[in-house]
Amino acid sequence: MKSWTTRNGTRVFRILSGRSNVFLISSSGRRWLVDSGPSRLWARLNRRIRSLGITSIEYLILTHAHFDHAGNAAKIKNEYGAKAIIHESEASFLTTGDNAPVSSPLALLRLVIRNLEKVLKGRMIYDPCDPDKLTREISYLSDEDRGCYILHTPGHTSGSQSVIVDSEIALVGDAMFGVFRGSVFPPYATDADLMVKSWQKLLDSGCTIFLPSHGTENTREMVAAGVKKHD
C-alpha cells in the first residue's frame, strides 16, 4: 500500500484506494484513521489495517458525514476502540446514519444528485455512530504532538474538514478531487465559493501534498491554480 513520510517521521498510509480512499496516520506510536470507506468494503479495510499489525486506533477522524466516508465508523469504534471525531454541524447525521446535504453550483448536476439520491437511497445508508469529539475551526489531536491537527474546510458540505500533517500533507476528504485531469474541483459542492476559500486555507497551512478521498494526490501548484481560476 502506498505511503508518505514527513520530515518529522510521521507516516501516512493509504489503507484503501480506488472508489474511496482511507488513510492511516502513524506518529510516535499513535494511530489515527481518516474516514472509513463505504460499508461494503469493511472486510477489505479491516484486513488491511490488520496487515500492519494494528490492533487499536486512537481516533477515527471523519472528513464529513457521507456513507462512503462514515460507512464503517461504528465498526471501527467497536473493533479498534477508536474515538470518532466529526465537525459539530454534522454530528446529528452521523448519530442517525444519514448523509449531510450536498448540492452543486450547476443546475444539471443538482438534478443528477436528486435523481441519484432516489435511485441509490438504499445503498447510501450506514450504521449510526455516536461521535466522541466534536470539532469547530481547528482541533489538535494531542497536546504532545501539535504537528497534526484538524482544520474546518467547508464547501463540499458545511462540516467538511481536513487533517493537516506536519504542515506537509493534507488529507482533504472531498474538499477537492484527484480524478479530473487539470482540475481539483469536485463535482458536488454545497457552497462552491466557500470551498475555494477552503482551498486557500489549505494552502496557508504550508502543505505541499493534498490527498483527496477520491483519486490521486494533488500538488500545491494544482490547488493554487484552482484558487486563481475560481476566486
# chains A, B, ... in the order shown; residues from 1 in each chain; ligands from 1

$ closest_atom_pairs --of "stretch 176-200 of chain A" --to "stretch 211-228 of chain A" --cutoff "10 Å" --atoms "only C-alpha atoms" --output "tab-separated table"
residue	atom	partner	partner_atom	distance
A:Met176	CA	A:Pro212	CA	6.1
A:Phe177	CA	A:Pro212	CA	5.6
A:Gly178	CA	A:Gly215	CA	4.2
A:Val179	CA	A:Gly215	CA	4.7
A:Phe180	CA	A:Gly215	CA	8.4
A:Gly182	CA	A:Met222	CA	7.3
A:Ser183	CA	A:Gly226	CA	6.8
A:Val184	CA	A:Gly226	CA	6.6
A:Phe185	CA	A:Gly226	CA	7.4
A:Pro186	CA	A:His214	CA	9.2
A:Asp193	CA	A:Val227	CA	9.9
A:Met195	CA	A:Val227	CA	9.5
A:Val196	CA	A:Val227	CA	5.9
A:Lys197	CA	A:Val227	CA	7.8
A:Ser198	CA	A:Val227	CA	9.3
A:Trp199	CA	A:Val227	CA	6.7
A:Gln200	CA	A:Val227	CA	6.8

$ residues_around --residues "A:Trp32" --least-positions-apart "4" --cutoff "6 Å" --atoms "only C-alpha atoms" --output "list in words"
Leu24, Ile25, Ile57, Glu58, Tyr59 and Leu60 of chain A

$ residues_around --residues "A:Thr96" --least-positions-apart "4" --cutoff "10 Å" --atoms "only C-alpha atoms" --output "list in words"
Ala91, Ser92, Ile125, Tyr126, Asp127, Pro128, Cys129 and Asp130 of chain A

$ select_by_dssp --residues "stretch 34-219 of chain A" --states "helix (DSSP H, G or I)" --output "ChimeraX atom specification"
/A:39-51,67-70,73-80,88-96,107-119,121-123,192-204

$ residues_around --residues "A:Thr135" --least-positions-apart "4" --cutoff "12 Å" --atoms "only C-alpha atoms" --output "PDB file with N, CA and C atoms, in the first residue's frame"
ATOM      1  N   ILE A  61     -11.111  10.005  12.442  1.00  0.00           N
ATOM      2  CA  ILE A  61     -11.466  11.365  12.046  1.00  0.00           C
ATOM      3  C   ILE A  61     -12.283  11.289  10.762  1.00  0.00           C
ATOM      4  N   LEU A  62     -13.502  11.768  10.818  1.00  0.00           N
ATOM      5  CA  LEU A  62     -14.387  11.732   9.654  1.00  0.00           C
ATOM      6  C   LEU A  62     -14.377  13.090   8.979  1.00  0.00           C
ATOM      7  N   THR A  63     -14.026  13.107   7.692  1.00  0.00           N
ATOM      8  CA  THR A  63     -13.963  14.385   6.985  1.00  0.00           C
ATOM      9  C   THR A  63     -15.358  14.966   6.774  1.00  0.00           C
ATOM     10  N   HIS A  64     -16.379  14.110   6.719  1.00  0.00           N
ATOM     11  CA  HIS A  64     -17.761  14.562   6.674  1.00  0.00           C
ATOM     12  C   HIS A  64     -18.677  13.351   6.764  1.00  0.00           C
ATOM     13  N   ALA A  84     -14.535   8.520  17.749  1.00  0.00           N
ATOM     14  CA  ALA A  84     -14.965   9.133  16.489  1.00  0.00           C
ATOM     15  C   ALA A  84     -15.032  10.648  16.618  1.00  0.00           C
ATOM     16  N   ILE A  85     -14.436  11.339  15.637  1.00  0.00           N
ATOM     17  CA  ILE A  85     -14.391  12.797  15.610  1.00  0.00           C
ATOM     18  C   ILE A  85     -15.079  13.294  14.348  1.00  0.00           C
ATOM     19  N   ILE A  86     -15.966  14.287  14.512  1.00  0.00           N
ATOM     20  CA  ILE A  86     -16.635  14.886  13.364  1.00  0.00           C
ATOM     21  C   ILE A  86     -16.941  16.341  13.687  1.00  0.00           C
ATOM     22  N   HIS A  87     -17.129  17.152  12.664  1.00  0.00           N
ATOM     23  CA  HIS A  87     -17.468  18.552  12.902  1.00  0.00           C
ATOM     24  C   HIS A  87     -18.857  18.643  13.537  1.00  0.00           C
ATOM     25  N   GLU A  88     -19.007  19.608  14.423  1.00  0.00           N
ATOM     26  CA  GLU A  88     -20.245  19.721  15.195  1.00  0.00           C
ATOM     27  C   GLU A  88     -21.488  19.894  14.315  1.00  0.00           C
ATOM     28  N   SER A  89     -21.342  20.494  13.145  1.00  0.00           N
ATOM     29  CA  SER A  89     -22.505  20.735  12.287  1.00  0.00           C
ATOM     30  C   SER A  89     -23.028  19.469  11.616  1.00  0.00           C
ATOM     31  N   GLU A  90     -22.255  18.358  11.677  1.00  0.00           N
ATOM     32  CA  GLU A  90     -22.690  17.122  11.033  1.00  0.00           C
ATOM     33  C   GLU A  90     -22.838  15.965  12.008  1.00  0.00           C
ATOM     34  N   ALA A  91     -22.742  16.252  13.302  1.00  0.00           N
ATOM     35  CA  ALA A  91     -22.838  15.202  14.314  1.00  0.00           C
ATOM     36  C   ALA A  91     -24.185  14.487  14.260  1.00  0.00           C
ATOM     37  N   PRO A 131     -20.649  10.136  17.974  1.00  0.00           N
ATOM     38  CA  PRO A 131     -19.339  10.800  17.987  1.00  0.00           C
ATOM     39  C   PRO A 131     -18.832  10.977  19.420  1.00  0.00           C
ATOM     40  N   SER A 139      -8.770  21.845  15.575  1.00  0.00           N
ATOM     41  CA  SER A 139      -8.691  20.941  16.725  1.00  0.00           C
ATOM     42  C   SER A 139      -7.404  20.132  16.640  1.00  0.00           C
ATOM     43  N   TYR A 140      -6.660  20.132  17.734  1.00  0.00           N
ATOM     44  CA  TYR A 140      -5.414  19.355  17.790  1.00  0.00           C
ATOM     45  C   TYR A 140      -5.702  17.955  18.300  1.00  0.00           C
ATOM     46  N   LEU A 141      -4.978  16.981  17.764  1.00  0.00           N
ATOM     47  CA  LEU A 141      -5.212  15.587  18.116  1.00  0.00           C
ATOM     48  C   LEU A 141      -4.592  15.217  19.452  1.00  0.00           C
ATOM     49  N   TYR A 149      -3.261  18.294  13.067  1.00  0.00           N
ATOM     50  CA  TYR A 149      -4.477  18.937  13.557  1.00  0.00           C
ATOM     51  C   TYR A 149      -5.580  18.883  12.502  1.00  0.00           C
ATOM     52  N   ILE A 150      -6.803  19.130  12.958  1.00  0.00           N
ATOM     53  CA  ILE A 150      -7.978  19.092  12.094  1.00  0.00           C
ATOM     54  C   ILE A 150      -8.390  20.520  11.769  1.00  0.00           C
ATOM     55  N   LEU A 151      -8.616  20.781  10.491  1.00  0.00           N
ATOM     56  CA  LEU A 151      -8.952  22.122  10.008  1.00  0.00           C
ATOM     57  C   LEU A 151     -10.312  22.093   9.316  1.00  0.00           C
ATOM     58  N   HIS A 152     -11.195  22.985   9.719  1.00  0.00           N
ATOM     59  CA  HIS A 152     -12.509  23.090   9.093  1.00  0.00           C
ATOM     60  C   HIS A 152     -12.360  23.613   7.666  1.00  0.00           C
ATOM     61  N   THR A 153     -12.789  22.829   6.681  1.00  0.00           N
ATOM     62  CA  THR A 153     -12.669  23.219   5.268  1.00  0.00           C
ATOM     63  C   THR A 153     -14.016  23.018   4.565  1.00  0.00           C
ATOM     64  N   GLY A 159     -19.861  20.894   7.160  1.00  0.00           N
ATOM     65  CA  GLY A 159     -18.932  20.462   8.196  1.00  0.00           C
ATOM     66  C   GLY A 159     -17.706  19.740   7.673  1.00  0.00           C
ATOM     67  N   SER A 160     -17.424  19.854   6.392  1.00  0.00           N
ATOM     68  CA  SER A 160     -16.238  19.183   5.840  1.00  0.00           C
ATOM     69  C   SER A 160     -14.977  19.668   6.544  1.00  0.00           C
ATOM     70  N   GLN A 161     -14.073  18.740   6.815  1.00  0.00           N
ATOM     71  CA  GLN A 161     -12.829  19.092   7.481  1.00  0.00           C
ATOM     72  C   GLN A 161     -11.676  18.277   6.908  1.00  0.00           C
ATOM     73  N   SER A 162     -10.465  18.800   7.102  1.00  0.00           N
ATOM     74  CA  SER A 162      -9.255  18.165   6.597  1.00  0.00           C
ATOM     75  C   SER A 162      -8.295  17.932   7.755  1.00  0.00           C
ATOM     76  N   VAL A 163      -7.350  17.036   7.549  1.00  0.00           N
ATOM     77  CA  VAL A 163      -6.334  16.755   8.562  1.00  0.00           C
ATOM     78  C   VAL A 163      -4.982  17.213   8.030  1.00  0.00           C
TER      79      VAL A 163
END

$ residues_around --residues "A:Gly71" --least-positions-apart "4" --cutoff "9 Å" --atoms "only C-alpha atoms" --output "JSON, numbers by chain"
{"A": [35, 36, 37, 38, 39, 40, 41, 42, 65, 66, 67, 75, 97, 124, 125, 126, 127, 128]}

$ write_last_selection --atoms "C-alpha atoms" --output "PDB file, in the first residue's frame"
ATOM      1  CA  ASP A  35     -12.511   8.185   7.095  1.00  0.00           C
ATOM      2  CA  SER A  36     -13.737   4.592   6.992  1.00  0.00           C
ATOM      3  CA  GLY A  37     -14.981   3.970   3.465  1.00  0.00           C
ATOM      4  CA  PRO A  38     -18.388   2.549   2.448  1.00  0.00           C
ATOM      5  CA  SER A  39     -19.913  -0.333   4.394  1.00  0.00           C
ATOM      6  CA  ARG A  40     -19.411  -2.824   1.558  1.00  0.00           C
ATOM      7  CA  LEU A  41     -15.622  -2.506   1.881  1.00  0.00           C
ATOM      8  CA  TRP A  42     -15.446  -3.372   5.580  1.00  0.00           C
ATOM      9  CA  ALA A  65     -20.924  12.532   7.208  1.00  0.00           C
ATOM     10  CA  HIS A  66     -21.440  10.708   3.920  1.00  0.00           C
ATOM     11  CA  PHE A  67     -21.950   6.970   3.510  1.00  0.00           C
ATOM     12  CA  LYS A  75     -17.348  -0.955  13.226  1.00  0.00           C
ATOM     13  CA  GLY A  97     -26.656   7.189   9.873  1.00  0.00           C
ATOM     14  CA  MET A 124     -26.497   5.333   0.952  1.00  0.00           C
ATOM     15  CA  ILE A 125     -27.465   4.444   4.499  1.00  0.00           C
ATOM     16  CA  TYR A 126     -24.892   3.347   7.068  1.00  0.00           C
ATOM     17  CA  ASP A 127     -24.800   2.188  10.666  1.00  0.00           C
ATOM     18  CA  PRO A 128     -25.335   5.053  13.127  1.00  0.00           C
TER      19      PRO A 128
END

$ residues_around --residues "A:Val165" --least-positions-apart "5" --cutoff "12 Å" --atoms "only C-alpha atoms" --output "PyMOL selection string"
chain A and resi 4-12+23-27+32+34+140-141+145-151+170-172+202+205-211

$ atom_distance --atom1 "atom CA of A:Ala189" --atom2 "atom CA of A:Gly155"
5.7 Å

$ atom_distance --atom1 "atom CA of A:Asp191" --atom2 "atom CA of A:His69"
19.5 Å

$ atom_distance --atom1 "atom CA of A:Ala70" --atom2 "atom CA of A:Thr55"
19.8 Å
